[in-house]
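Have a look at model15.pdb; it's PDB, C-alpha atoms:
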```
ATOM      1  CA  MET A 779      45.814 -16.062 -67.816
ATOM      2  CA  THR A 780      43.917 -17.649 -64.947
ATOM      3  CA  ALA A 781      41.052 -18.268 -67.348
ATOM      4  CA  VAL A 782      43.314 -20.310 -69.623
ATOM      5  CA  VAL A 783      44.657 -22.280 -66.664
ATOM      6  CA  ASP A 784      41.130 -22.939 -65.476
ATOM      7  CA  VAL A 785      40.097 -24.195 -68.884
ATOM      8  CA  VAL A 786      43.070 -26.552 -69.030
ATOM      9  CA  ALA A 787      42.314 -27.848 -65.552
ATOM     10  CA  MET A 788      38.671 -28.349 -66.424
ATOM     11  CA  ALA A 789      39.554 -30.153 -69.631
ATOM     12  CA  CYS A 790      41.817 -32.507 -67.683
ATOM     13  CA  LEU A 791      39.144 -33.159 -65.065
ATOM     14  CA  LEU A 792      36.464 -33.816 -67.672
ATOM     15  CA  ALA A 793      38.674 -36.061 -69.786
ATOM     16  CA  GLY A 794      39.691 -37.995 -66.680
ATOM     17  CA  ALA A 795      36.097 -38.413 -65.592
ATOM     18  CA  PHE A 796      35.163 -39.559 -69.100
ATOM     19  CA  LEU A 797      37.925 -42.171 -69.107
ATOM     20  CA  CYS A 798      36.789 -43.464 -65.728
ATOM     21  CA  LEU A 799      33.283 -43.716 -67.182
ATOM     22  CA  THR A 800      34.573 -45.794 -70.099
ATOM     23  CA  ALA A 801      36.399 -47.994 -67.601
ATOM     24  CA  GLY A 802      33.075 -48.614 -65.882
ATOM     25  CA  LEU A 803      31.378 -49.290 -69.218
ATOM     26  CA  GLY A 804      34.152 -51.692 -70.126
ATOM     27  CA  LEU A 805      33.601 -53.588 -66.896
ATOM     28  CA  VAL A 806      30.002 -54.146 -67.951
ATOM     29  CA  ARG A 807      30.500 -54.736 -71.656
ATOM     30  CA  PHE A 808      33.635 -56.878 -71.889
ATOM     31  CA  PRO A 809      32.935 -60.590 -72.063
ATOM     32  CA  ASP A 810      35.223 -62.115 -69.441
ATOM     33  CA  VAL A 811      37.270 -61.326 -66.360
ATOM     34  CA  LEU A 812      40.578 -60.952 -68.186
ATOM     35  CA  SER A 813      39.187 -58.372 -70.574
ATOM     36  CA  ARG A 814      37.476 -56.558 -67.741
ATOM     37  CA  MET A 815      40.793 -56.254 -65.969
ATOM     38  CA  HIS A 816      42.098 -54.340 -68.994
ATOM     39  CA  ALA A 817      39.266 -51.879 -68.506
ATOM     40  CA  GLY A 818      40.069 -51.715 -64.793
ATOM     41  CA  THR A 819      43.703 -50.821 -65.366
ATOM     42  CA  LYS A 820      44.271 -48.691 -68.443
ATOM     43  CA  PRO A 821      41.506 -46.129 -68.933
ATOM     44  CA  GLN A 822      41.003 -45.995 -65.202
ATOM     45  CA  VAL A 823      44.672 -45.271 -64.414
ATOM     46  CA  LEU A 824      44.870 -42.682 -67.163
ATOM     47  CA  GLY A 825      41.601 -41.172 -65.964
ATOM     48  CA  VAL A 826      42.823 -40.892 -62.397
ATOM     49  CA  LEU A 827      46.093 -39.365 -63.602
ATOM     50  CA  LEU A 828      44.230 -36.760 -65.634
ATOM     51  CA  VAL A 829      42.000 -35.925 -62.676
ATOM     52  CA  MET A 830      45.158 -35.555 -60.580
ATOM     53  CA  VAL A 831      46.695 -33.204 -63.154
ATOM     54  CA  GLY A 832      43.528 -31.147 -63.265
ATOM     55  CA  ALA A 833      43.355 -30.986 -59.495
ATOM     56  CA  ALA A 834      47.038 -30.067 -59.244
ATOM     57  CA  ILE A 835      46.483 -27.146 -61.618
ATOM     58  CA  ARG A 836      43.356 -25.991 -59.851
ATOM     59  CA  LEU A 837      44.527 -26.397 -56.252
ATOM     60  CA  HIS A 838      47.143 -23.874 -55.296
ATOM     61  CA  GLY A 839      49.913 -24.752 -52.926
ATOM     62  CA  TRP A 840      52.626 -27.329 -53.190
ATOM     63  CA  SER A 841      51.562 -29.527 -50.292
ATOM     64  CA  ASN A 842      48.508 -30.641 -52.246
ATOM     65  CA  VAL A 843      50.609 -31.330 -55.321
ATOM     66  CA  TRP A 844      52.950 -33.635 -53.394
ATOM     67  CA  MET A 845      49.988 -35.591 -52.124
ATOM     68  CA  LEU A 846      48.564 -35.899 -55.647
ATOM     69  CA  LEU A 847      51.948 -37.057 -56.952
ATOM     70  CA  LEU A 848      51.966 -39.808 -54.357
ATOM     71  CA  VAL A 849      48.450 -40.882 -55.308
ATOM     72  CA  ALA A 850      49.462 -41.013 -58.970
ATOM     73  CA  ALA A 851      52.647 -42.956 -58.285
ATOM     74  CA  PHE A 852      50.923 -45.570 -56.188
ATOM     75  CA  GLN A 853      48.094 -45.822 -58.675
ATOM     76  CA  LEU A 854      50.638 -46.650 -61.367
ATOM     77  CA  LEU A 855      52.382 -49.159 -59.144
ATOM     78  CA  THR A 856      49.421 -50.974 -57.654
ATOM     79  CA  ALA A 857      46.851 -51.169 -60.465
ATOM     80  CA  PRO A 858      48.855 -53.666 -62.566
ATOM     81  CA  VAL A 859      49.595 -55.806 -59.520
ATOM     82  CA  SER A 860      45.989 -56.131 -58.397
ATOM     83  CA  ALA A 861      44.849 -56.740 -61.984
ATOM     84  CA  HIS A 862      47.479 -59.442 -62.309
ATOM     85  CA  MET A 863      46.387 -61.197 -59.127
ATOM     86  CA  ILE A 864      42.719 -61.181 -60.111
ATOM     87  CA  SER A 865      43.451 -62.304 -63.685
ATOM     88  CA  ARG A 866      45.597 -65.135 -62.499
ATOM     89  CA  VAL A 867      42.924 -66.418 -60.146
ATOM     90  CA  ALA A 868      40.298 -66.011 -62.865
ATOM     91  CA  TYR A 869      42.380 -68.030 -65.291
ATOM     92  CA  ARG A 870      42.931 -70.808 -62.811
ATOM     93  CA  ARG A 871      39.221 -70.859 -61.988
ATOM     94  CA  ARG A 872      38.453 -71.078 -65.720
ATOM     95  CA  HIS A 873      36.548 -67.809 -65.871
ATOM     96  CA  VAL A 874      37.863 -67.307 -69.389
ATOM     97  CA  ARG A 875      35.967 -67.164 -72.635
ATOM     98  CA  ARG A 876      38.113 -69.664 -74.510
ATOM     99  CA  ASP A 877      36.123 -69.278 -77.715
ATOM    100  CA  LEU A 878      37.413 -65.708 -77.948
ATOM    101  CA  LEU A 879      41.045 -66.669 -77.548
ATOM    102  CA  LEU A 880      43.037 -66.753 -80.753
ATOM    103  CA  VAL A 881      46.131 -68.180 -79.094
ATOM    104  CA  ASP A 882      46.584 -69.653 -75.631
ATOM    105  CA  GLU A 883      50.158 -70.495 -74.772
ATOM    106  CA  PHE A 884      49.529 -70.594 -71.045
ATOM    107  CA  ASP A 885      47.327 -73.653 -71.182
ATOM    108  CA  ALA A 886      49.872 -76.447 -71.541
ATOM    109  CA  ASP A 887      51.407 -76.472 -68.100
ATOM    110  CA  GLN A 888      48.219 -75.438 -66.350
ATOM    111  CA  GLN A 889      46.531 -78.753 -66.993
ATOM    112  CA  GLN A 890      47.623 -80.301 -63.723
ATOM    113  CA  SER A 891      46.636 -77.366 -61.543
ATOM    114  CA  GLY A 892      44.065 -75.469 -63.575
ATOM    115  CA  ASP A 893      40.996 -77.237 -62.323
ATOM    116  CA  ALA A 894      41.678 -76.531 -58.691
ATOM    117  CA  PRO A 895      38.501 -76.895 -56.640
ATOM    118  CA  ALA A 896      37.031 -73.920 -54.845
ATOM    119  CA  ASP A 897      38.416 -74.960 -51.474
ATOM    120  CA  ALA A 898      41.869 -75.814 -52.716
ATOM    121  CA  GLY A 899      44.780 -74.193 -50.969
ATOM    122  CA  PRO A 900      47.014 -71.697 -52.667
ATOM    123  CA  GLU A 901      49.506 -72.902 -55.203
ATOM    124  CA  PRO A 902      52.689 -74.209 -53.557
ATOM    125  CA  PRO A 903      55.403 -71.583 -53.861
ATOM    126  CA  ALA A 904      57.636 -73.875 -55.886
ATOM    127  CA  THR A 905      57.386 -71.695 -58.959
ATOM    128  CA  ALA A 906      58.001 -68.484 -57.059
ATOM    129  CA  GLY A 907      61.553 -68.536 -58.325
ATOM    130  CA  ARG A 908      63.890 -68.338 -55.355
ATOM    131  CA  GLY A 909      67.134 -67.247 -56.964
TER     132      GLY A 909
ATOM    133  CA  MET B 768      57.372 -74.881 -25.857
ATOM    134  CA  ASN B 769      56.336 -72.843 -28.818
ATOM    135  CA  GLU B 770      59.724 -71.699 -30.038
ATOM    136  CA  LEU B 771      59.269 -73.938 -33.029
ATOM    137  CA  ALA B 772      55.921 -72.532 -33.905
ATOM    138  CA  SER B 773      56.989 -68.967 -33.526
ATOM    139  CA  SER B 774      60.359 -69.258 -35.233
ATOM    140  CA  PRO B 775      60.263 -67.314 -38.467
ATOM    141  CA  ARG B 776      60.086 -69.607 -41.457
ATOM    142  CA  GLY B 777      62.570 -69.203 -44.239
ATOM    143  CA  SER B 778      64.694 -66.526 -42.622
ATOM    144  CA  GLY B 779      67.597 -67.745 -44.680
ATOM    145  CA  ASN B 780      69.458 -64.520 -45.285
ATOM    146  CA  ALA B 781      68.817 -62.723 -42.031
ATOM    147  CA  ASP B 782      72.377 -61.505 -41.735
ATOM    148  CA  ARG B 783      72.659 -58.288 -39.806
ATOM    149  CA  SER B 784      75.767 -57.156 -41.605
ATOM    150  CA  PRO B 785      76.570 -53.642 -42.813
ATOM    151  CA  LEU B 786      76.021 -54.959 -46.319
ATOM    152  CA  ARG B 787      72.404 -55.577 -45.470
ATOM    153  CA  LEU B 788      72.073 -52.071 -44.096
ATOM    154  CA  ARG B 789      73.569 -50.714 -47.316
ATOM    155  CA  HIS B 790      70.951 -52.587 -49.297
ATOM    156  CA  GLN B 791      68.230 -51.160 -47.074
ATOM    157  CA  LEU B 792      69.356 -47.556 -47.374
ATOM    158  CA  PRO B 793      67.516 -46.723 -50.629
ATOM    159  CA  LEU B 794      64.349 -48.185 -49.145
ATOM    160  CA  LEU B 795      64.793 -46.103 -45.985
ATOM    161  CA  ALA B 796      65.388 -42.979 -48.030
ATOM    162  CA  TRP B 797      62.289 -43.670 -50.126
ATOM    163  CA  LEU B 798      60.140 -44.208 -47.018
ATOM    164  CA  VAL B 799      61.342 -40.936 -45.486
ATOM    165  CA  PHE B 800      60.648 -39.208 -48.781
ATOM    166  CA  VAL B 801      57.091 -40.559 -48.928
ATOM    167  CA  TRP B 802      56.557 -39.519 -45.321
ATOM    168  CA  ILE B 803      57.643 -35.952 -46.064
ATOM    169  CA  LEU B 804      55.460 -35.849 -49.164
ATOM    170  CA  LEU B 805      52.507 -37.023 -47.100
ATOM    171  CA  TRP B 806      53.003 -34.199 -44.632
ATOM    172  CA  GLY B 807      53.509 -31.834 -47.487
ATOM    173  CA  THR B 808      55.989 -29.560 -45.761
ATOM    174  CA  TRP B 809      59.702 -29.771 -45.163
ATOM    175  CA  SER B 810      60.791 -29.566 -41.529
ATOM    176  CA  TRP B 811      63.325 -31.328 -39.366
ATOM    177  CA  ALA B 812      60.553 -32.731 -37.188
ATOM    178  CA  ASN B 813      59.083 -34.401 -40.267
ATOM    179  CA  VAL B 814      62.453 -35.770 -41.329
ATOM    180  CA  LEU B 815      63.217 -37.201 -37.884
ATOM    181  CA  SER B 816      59.786 -38.730 -37.425
ATOM    182  CA  GLY B 817      60.054 -40.072 -40.980
ATOM    183  CA  VAL B 818      63.350 -41.764 -40.170
ATOM    184  CA  ALA B 819      61.809 -43.268 -37.042
ATOM    185  CA  VAL B 820      58.791 -44.580 -38.963
ATOM    186  CA  ALA B 821      61.000 -45.904 -41.774
ATOM    187  CA  LEU B 822      63.234 -47.784 -39.336
ATOM    188  CA  LEU B 823      60.198 -49.197 -37.565
ATOM    189  CA  VAL B 824      58.641 -50.348 -40.847
ATOM    190  CA  THR B 825      61.811 -51.979 -42.165
ATOM    191  CA  LEU B 826      62.451 -53.706 -38.821
ATOM    192  CA  LEU B 827      58.906 -54.961 -38.347
ATOM    193  CA  LEU B 828      58.234 -55.859 -41.986
ATOM    194  CA  PRO B 829      61.571 -56.943 -43.412
ATOM    195  CA  LEU B 830      61.752 -57.514 -47.156
ATOM    196  CA  PRO B 831      64.218 -59.662 -48.992
ATOM    197  CA  HIS B 832      66.627 -57.288 -50.632
ATOM    198  CA  VAL B 833      66.615 -57.046 -54.361
ATOM    199  CA  VAL B 834      69.453 -58.908 -55.992
ATOM    200  CA  GLY B 835      71.135 -57.725 -59.102
ATOM    201  CA  GLY B 836      73.053 -54.547 -59.612
ATOM    202  CA  THR B 837      71.176 -51.889 -61.455
ATOM    203  CA  ARG B 838      72.335 -48.536 -62.596
ATOM    204  CA  VAL B 839      70.468 -45.573 -63.952
ATOM    205  CA  ARG B 840      71.332 -44.094 -67.325
ATOM    206  CA  PRO B 841      69.674 -40.691 -67.678
ATOM    207  CA  LEU B 842      69.166 -40.491 -71.430
ATOM    208  CA  PRO B 843      67.642 -43.941 -71.960
ATOM    209  CA  LEU B 844      65.581 -43.323 -68.837
ATOM    210  CA  LEU B 845      64.146 -40.204 -70.461
ATOM    211  CA  ALA B 846      63.460 -42.173 -73.630
ATOM    212  CA  PHE B 847      61.685 -44.855 -71.629
ATOM    213  CA  ALA B 848      59.650 -42.302 -69.678
ATOM    214  CA  GLY B 849      58.573 -40.558 -72.867
ATOM    215  CA  HIS B 850      57.511 -43.770 -74.543
ATOM    216  CA  PHE B 851      55.803 -44.868 -71.354
ATOM    217  CA  VAL B 852      53.657 -41.748 -71.090
ATOM    218  CA  LEU B 853      52.765 -42.024 -74.770
ATOM    219  CA  ASP B 854      51.886 -45.702 -74.361
ATOM    220  CA  LEU B 855      49.808 -44.901 -71.299
ATOM    221  CA  VAL B 856      47.719 -42.364 -73.181
ATOM    222  CA  LEU B 857      47.395 -44.594 -76.228
ATOM    223  CA  SER B 858      46.373 -47.644 -74.238
ATOM    224  CA  GLY B 859      43.852 -45.670 -72.224
ATOM    225  CA  ALA B 860      42.302 -44.328 -75.407
ATOM    226  CA  GLN B 861      42.379 -47.733 -77.103
ATOM    227  CA  VAL B 862      40.693 -49.628 -74.286
ATOM    228  CA  ALA B 863      38.186 -46.818 -73.861
ATOM    229  CA  TRP B 864      37.317 -47.086 -77.556
ATOM    230  CA  LEU B 865      36.999 -50.875 -77.330
ATOM    231  CA  ALA B 866      34.653 -50.427 -74.398
ATOM    232  CA  LEU B 867      32.528 -47.896 -76.267
ATOM    233  CA  ARG B 868      32.418 -49.179 -79.823
ATOM    234  CA  PRO B 869      29.331 -51.072 -80.916
ATOM    235  CA  GLY B 870      31.089 -54.108 -82.389
ATOM    236  CA  GLY B 871      32.279 -55.437 -79.081
ATOM    237  CA  GLN B 872      35.777 -56.428 -78.310
ATOM    238  CA  GLY B 873      36.837 -59.098 -80.791
ATOM    239  CA  ASN B 874      39.415 -61.788 -80.232
ATOM    240  CA  SER B 875      41.877 -62.023 -77.371
ATOM    241  CA  ALA B 876      45.028 -64.055 -77.002
ATOM    242  CA  ILE B 877      47.301 -65.331 -74.274
ATOM    243  CA  VAL B 878      50.949 -65.473 -75.258
ATOM    244  CA  ARG B 879      54.136 -66.329 -73.501
ATOM    245  CA  VAL B 880      57.131 -64.127 -74.108
ATOM    246  CA  GLN B 881      60.726 -65.074 -73.437
ATOM    247  CA  LEU B 882      62.441 -62.286 -71.546
ATOM    248  CA  ARG B 883      66.166 -61.763 -71.755
ATOM    249  CA  THR B 884      66.901 -60.073 -68.459
ATOM    250  CA  ASP B 885      67.706 -62.080 -65.360
ATOM    251  CA  SER B 886      67.118 -59.515 -62.677
ATOM    252  CA  ASP B 887      64.284 -59.520 -60.160
ATOM    253  CA  LEU B 888      63.900 -55.786 -60.225
ATOM    254  CA  LEU B 889      63.905 -55.504 -64.009
ATOM    255  CA  SER B 890      61.414 -58.347 -64.402
ATOM    256  CA  THR B 891      59.119 -56.565 -61.981
ATOM    257  CA  MET B 892      59.456 -53.314 -63.876
ATOM    258  CA  VAL B 893      58.802 -55.034 -67.176
ATOM    259  CA  ALA B 894      55.670 -56.641 -65.766
ATOM    260  CA  GLU B 895      54.398 -53.329 -64.430
ATOM    261  CA  ALA B 896      55.171 -51.471 -67.629
ATOM    262  CA  VAL B 897      53.700 -54.148 -69.867
ATOM    263  CA  SER B 898      50.437 -54.024 -67.934
ATOM    264  CA  LEU B 899      50.103 -50.347 -68.731
ATOM    265  CA  VAL B 900      51.074 -50.347 -72.393
ATOM    266  CA  PRO B 901      48.450 -50.951 -75.086
ATOM    267  CA  GLY B 902      46.700 -54.234 -75.205
ATOM    268  CA  SER B 903      48.495 -56.404 -72.700
ATOM    269  CA  LEU B 904      48.014 -57.550 -69.120
ATOM    270  CA  VAL B 905      50.400 -59.780 -67.205
ATOM    271  CA  LEU B 906      48.966 -63.145 -66.266
ATOM    272  CA  ASP B 907      52.054 -64.900 -65.037
ATOM    273  CA  LEU B 908      55.738 -64.340 -64.510
ATOM    274  CA  ASP B 909      58.049 -67.327 -64.383
ATOM    275  CA  ARG B 910      61.382 -66.320 -62.888
ATOM    276  CA  GLU B 911      63.120 -69.620 -63.561
ATOM    277  CA  ASP B 912      62.264 -69.779 -67.245
ATOM    278  CA  ARG B 913      62.383 -65.974 -67.554
ATOM    279  CA  THR B 914      59.053 -65.982 -69.312
ATOM    280  CA  ILE B 915      56.180 -63.587 -68.927
ATOM    281  CA  THR B 916      52.663 -64.560 -69.888
ATOM    282  CA  VAL B 917      50.452 -61.753 -71.095
ATOM    283  CA  HIS B 918      46.809 -61.493 -72.051
ATOM    284  CA  LEU B 919      46.210 -59.417 -75.167
ATOM    285  CA  LEU B 920      42.861 -57.689 -75.149
ATOM    286  CA  HIS B 921      42.333 -57.213 -78.839
ATOM    287  CA  VAL B 922      44.077 -59.073 -81.647
ATOM    288  CA  ARG B 923      43.025 -59.172 -85.282
ATOM    289  CA  ASP B 924      45.029 -62.158 -86.520
ATOM    290  CA  LEU B 925      48.159 -64.161 -85.856
ATOM    291  CA  ALA B 926      50.421 -61.516 -87.373
ATOM    292  CA  HIS B 927      48.993 -59.019 -84.929
ATOM    293  CA  VAL B 928      49.780 -61.443 -82.093
ATOM    294  CA  GLU B 929      53.422 -61.558 -83.177
ATOM    295  CA  GLN B 930      53.446 -57.774 -83.392
ATOM    296  CA  GLU B 931      52.225 -57.494 -79.800
ATOM    297  CA  ARG B 932      54.800 -60.041 -78.700
ATOM    298  CA  ALA B 933      57.531 -57.933 -80.258
ATOM    299  CA  ASP B 934      56.124 -54.879 -78.473
ATOM    300  CA  VAL B 935      56.627 -56.547 -75.099
ATOM    301  CA  LEU B 936      60.245 -57.197 -75.997
ATOM    302  CA  VAL B 937      60.670 -53.579 -77.042
ATOM    303  CA  VAL B 938      59.394 -52.427 -73.655
ATOM    304  CA  GLU B 939      61.880 -54.765 -72.004
ATOM    305  CA  GLU B 940      64.697 -53.450 -74.163
ATOM    306  CA  ARG B 941      63.925 -49.834 -73.260
ATOM    307  CA  LEU B 942      63.853 -50.700 -69.559
ATOM    308  CA  VAL B 943      67.126 -52.608 -69.728
ATOM    309  CA  ARG B 944      68.788 -49.745 -71.569
ATOM    310  CA  ALA B 945      67.600 -47.401 -68.834
ATOM    311  CA  PHE B 946      68.291 -49.523 -65.748
ATOM    312  CA  GLY B 947      69.984 -52.779 -66.682
ATOM    313  CA  SER B 948      73.406 -54.020 -65.726
ATOM    314  CA  ALA B 949      76.090 -54.538 -68.343
ATOM    315  CA  GLU B 950      75.239 -58.247 -68.528
ATOM    316  CA  ASP B 951      71.585 -57.553 -69.235
ATOM    317  CA  LEU B 952      72.545 -55.119 -71.948
ATOM    318  CA  ALA B 953      74.862 -57.684 -73.487
ATOM    319  CA  ALA B 954      72.079 -60.283 -73.412
ATOM    320  CA  ILE B 955      69.773 -57.889 -75.245
ATOM    321  CA  ASP B 956      72.389 -57.085 -77.849
ATOM    322  CA  ARG B 957      73.156 -60.774 -78.407
ATOM    323  CA  ASP B 958      69.480 -61.503 -78.870
ATOM    324  CA  LEU B 959      68.979 -58.609 -81.264
ATOM    325  CA  GLU B 960      71.974 -59.704 -83.287
ATOM    326  CA  ARG B 961      70.718 -63.280 -83.415
ATOM    327  CA  ARG B 962      67.305 -62.104 -84.568
ATOM    328  CA  GLY B 963      68.833 -59.853 -87.169
ATOM    329  CA  ARG B 964      70.887 -62.717 -88.534
ATOM    330  CA  ALA B 965      67.925 -65.066 -88.499
ATOM    331  CA  ARG B 966      65.888 -62.541 -90.432
ATOM    332  CA  GLY B 967      68.679 -61.897 -92.911
ATOM    333  CA  GLY B 968      69.391 -65.600 -93.316
ATOM    334  CA  THR B 969      65.894 -66.592 -94.404
ATOM    335  CA  PRO B 970      65.309 -65.226 -97.876
ATOM    336  CA  ARG B 971      61.761 -65.004 -98.999
TER     337      ARG B 971
END
```
As structure tokens, how would this structure be written, given the file I've shared?
Amino acid sequence: MTAVVDVVAMACLLAGAFLCLTAGLGLVRFPDVLSRMHAGTKPQVLGVLLVMVGAAIRLHGWSNVWMLLLVAAFQLLTAPVSAHMISRVAYRRRHVRRDLLLVDEFDADQQQSGDAPADAGPEPPATAGRG
Amino acid sequence: MNELASSPRGSGNADRSPLRLRHQLPLLAWLVFVWILLWGTWSWANVLSGVAVALLVTLLLPLPHVVGGTRVRPLPLLAFAGHFVLDLVLSGAQVAWLALRPGGQGNSAIVRVQLRTDSDLLSTMVAEAVSLVPGSLVLDLDREDRTITVHLLHVRDLAHVEQERADVLVVEERLVRAFGSAEDLAAIDRDLERRGRARGGTPR
């Protein structure tokens, strides 16, 4: 019985590590910042979750499991936010391979602010949508 | 002379009413819960210190409370959770394959999707969920126009773009069915009906 559990835990750990490896490869191989952010969120989050599952199986005792649950929850919550912030800045700084874009519906109203210089202040919070 | 400089900017709704406390209660409960999870064991000392820390955090770092009534419906929530886990696995595998395959990544697209919900909390959840489902990453969220701008990692052609756009709306629909207010649900149903009619009304 413990052997089966160990195998499952090991499979989870290995799969998670492999997904994190592909996330790293994606960071190197994808052509622009936006695509790299995909690599930084999806395989990486799934990889971390799988590592957490493997660790939760392998580590005995509930206190560890709670901690791992928290790590997983905050990973799910924070990875999209940080990826969004970086992507947004990258788009505004024109770090986008436009030749690879099939459709770009975000361009039209970015014309006036898209070419912000490096020392420009942050965007005024007018579009932040106060209810 | 520095009252002006030190006066908090934009403290518009700083009412200290019981209503405000009621809005803060779920946040307090969540903070205490996280605190207990961090300690890993249940004891009254942990609960009390957790309450103290939670009160300190909410007093020192006040957040604007989330507007818009939400409710939780268990069955649609389960449906959403199931789809979400499936999407998470699929998107992880898909992006991993795109990173590994020899041909490179192909075309991307940036599309703007019109959301139907008008709730801060639901928009946030949609944005988070959309970032984790296959192929999309949130670039921008416009609360006034209720639009969400997503970057699609891999698209084959324009039909595929429309498919991905519909997927975002499906994620929104699942979330609204799980958490949305009655108005949000009605908005979704109206939109679905309108689409259905539009599709039926254009013979090909």
Result set of the PyMOL selection byres ((chain A and resi 874-884) around 8) on the coordinates above, as a PDB file with C-alpha atoms, in the frame of the given file:
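Generated output (expr.pdb):
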```pdb
ATOM      1  CA  PRO A 809      32.935 -60.590 -72.063  1.00  0.00           C
ATOM      2  CA  ASP A 810      35.223 -62.115 -69.441  1.00  0.00           C
ATOM      3  CA  VAL A 811      37.270 -61.326 -66.360  1.00  0.00           C
ATOM      4  CA  LEU A 812      40.578 -60.952 -68.186  1.00  0.00           C
ATOM      5  CA  ALA A 868      40.298 -66.011 -62.865  1.00  0.00           C
ATOM      6  CA  TYR A 869      42.380 -68.030 -65.291  1.00  0.00           C
ATOM      7  CA  ARG A 872      38.453 -71.078 -65.720  1.00  0.00           C
ATOM      8  CA  HIS A 873      36.548 -67.809 -65.871  1.00  0.00           C
ATOM      9  CA  ASP A 885      47.327 -73.653 -71.182  1.00  0.00           C
ATOM     10  CA  ALA A 886      49.872 -76.447 -71.541  1.00  0.00           C
ATOM     11  CA  ASP A 887      51.407 -76.472 -68.100  1.00  0.00           C
ATOM     12  CA  GLN A 888      48.219 -75.438 -66.350  1.00  0.00           C
TER      13      GLN A 888
ATOM     14  CA  GLY B 873      36.837 -59.098 -80.791  1.00  0.00           C
ATOM     15  CA  ASN B 874      39.415 -61.788 -80.232  1.00  0.00           C
ATOM     16  CA  SER B 875      41.877 -62.023 -77.371  1.00  0.00           C
ATOM     17  CA  ALA B 876      45.028 -64.055 -77.002  1.00  0.00           C
ATOM     18  CA  ILE B 877      47.301 -65.331 -74.274  1.00  0.00           C
ATOM     19  CA  VAL B 878      50.949 -65.473 -75.258  1.00  0.00           C
ATOM     20  CA  ARG B 879      54.136 -66.329 -73.501  1.00  0.00           C
ATOM     21  CA  THR B 916      52.663 -64.560 -69.888  1.00  0.00           C
ATOM     22  CA  VAL B 922      44.077 -59.073 -81.647  1.00  0.00           C
ATOM     23  CA  ASP B 924      45.029 -62.158 -86.520  1.00  0.00           C
ATOM     24  CA  LEU B 925      48.159 -64.161 -85.856  1.00  0.00           C
TER      25      LEU B 925
END
```
Would you list the contacts of stretch 840-854 of chain A as a ChimeraX atom specification, taking every protein, DNA or RNA residue within 10 Å and counting all atoms listed in the file, but skipping same-chain residues closer than 3 positions in sequence?
-> /A:819-820,822-824,826-831,833-835,837,857-859 /B:801,803-809,895-896,898-899
Suppose you want the space between atom CA of A:Arg807 and atom CA of B:Ala926; what is it in Å?
-> 26.3 Å
Check which residues satisfy the PyMOL selection byres ((chain B and resi 944) around 12) in the file shown, then give them as a count of residues only.
-> 33
Shortest interatomic distance to chain A - which of B:Val824, B:Leu865, B:Ala812, B:Val893, counting all atoms listed in the file | B:Leu865
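For the residues A:Val806, A:Leu797, A:Leu855, A:Met815, ranking by smallest atom-to-atom distance to B:His918 using only C-alpha atoms places A:Met815 first.
Of the listed residues B:Leu822, B:Leu959, B:Val799, B:Leu908, the one whose atoms come nearest to chain A is B:Leu908, with distances taken using all atoms listed in the file.
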Pick the closest to chain A from B:Arg932, B:Arg961, B:Arg923, B:Arg910: which is it, counting all atoms listed in the file?
-> B:Arg910
Enumerate, as a ChimeraX atom specification, the residues matched when the PyMOL selection byres ((chain B and resi 855) around 10) is run on the file above.
-> /A:820-821,823-824 /B:849-854,856-861,896,898-901
Can you work out the spacing between atom CA of B:Trp811 and atom CA of B:Gln791 in Å, to one decimal?
-> 21.8 Å
Please report, as lines of an AutoDock Vina configuration file, the centre and edge lengths in Å to one decimal of an axis-aligned box covering all listed atoms of stretch 908-926 of chain B with 5 Å per side.
```
center_x = 52.7
center_y = -63.5
center_z = -75.1
size_x = 30.8
size_y = 22.6
size_z = 34.5
```
Which one is closest to chain A: B:Gly817, B:Pro793, B:Gly870, B:Gly902? Count all atoms listed in the file.
->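 Counting all atoms listed in the file, the residue closest to chain A is B:Gly902.
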Quick one, how far is atom CA of B:Gln881 from atom CA of A:His816?
->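 We find that atom CA of B:Gln881 and atom CA of A:His816 lie 22.0 Å from each other.
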N, CA and C atoms restored at stretch 847-854 of chain B, emitted as a PDB file, in the coordinates of the input:
```
ATOM      1  N   PHE B 847      62.689 -43.924 -72.139  1.00  0.00           N
ATOM      2  CA  PHE B 847      61.685 -44.855 -71.629  1.00  0.00           C
ATOM      3  C   PHE B 847      60.481 -44.101 -71.080  1.00  0.00           C
ATOM      4  N   ALA B 848      60.747 -43.045 -70.292  1.00  0.00           N
ATOM      5  CA  ALA B 848      59.650 -42.302 -69.678  1.00  0.00           C
ATOM      6  C   ALA B 848      58.749 -41.694 -70.754  1.00  0.00           C
ATOM      7  N   GLY B 849      59.372 -41.146 -71.804  1.00  0.00           N
ATOM      8  CA  GLY B 849      58.573 -40.558 -72.867  1.00  0.00           C
ATOM      9  C   GLY B 849      57.684 -41.583 -73.544  1.00  0.00           C
ATOM     10  N   HIS B 850      58.300 -42.720 -73.911  1.00  0.00           N
ATOM     11  CA  HIS B 850      57.511 -43.770 -74.543  1.00  0.00           C
ATOM     12  C   HIS B 850      56.416 -44.282 -73.609  1.00  0.00           C
ATOM     13  N   PHE B 851      56.758 -44.325 -72.310  1.00  0.00           N
ATOM     14  CA  PHE B 851      55.803 -44.868 -71.354  1.00  0.00           C
ATOM     15  C   PHE B 851      54.567 -43.973 -71.262  1.00  0.00           C
ATOM     16  N   VAL B 852      54.799 -42.663 -71.177  1.00  0.00           N
ATOM     17  CA  VAL B 852      53.657 -41.748 -71.090  1.00  0.00           C
ATOM     18  C   VAL B 852      52.806 -41.846 -72.357  1.00  0.00           C
ATOM     19  N   LEU B 853      53.492 -41.911 -73.505  1.00  0.00           N
ATOM     20  CA  LEU B 853      52.765 -42.024 -74.770  1.00  0.00           C
ATOM     21  C   LEU B 853      51.939 -43.312 -74.794  1.00  0.00           C
ATOM     22  N   ASP B 854      52.583 -44.417 -74.384  1.00  0.00           N
ATOM     23  CA  ASP B 854      51.886 -45.702 -74.361  1.00  0.00           C
ATOM     24  C   ASP B 854      50.684 -45.662 -73.429  1.00  0.00           C
TER      25      ASP B 854
END
```
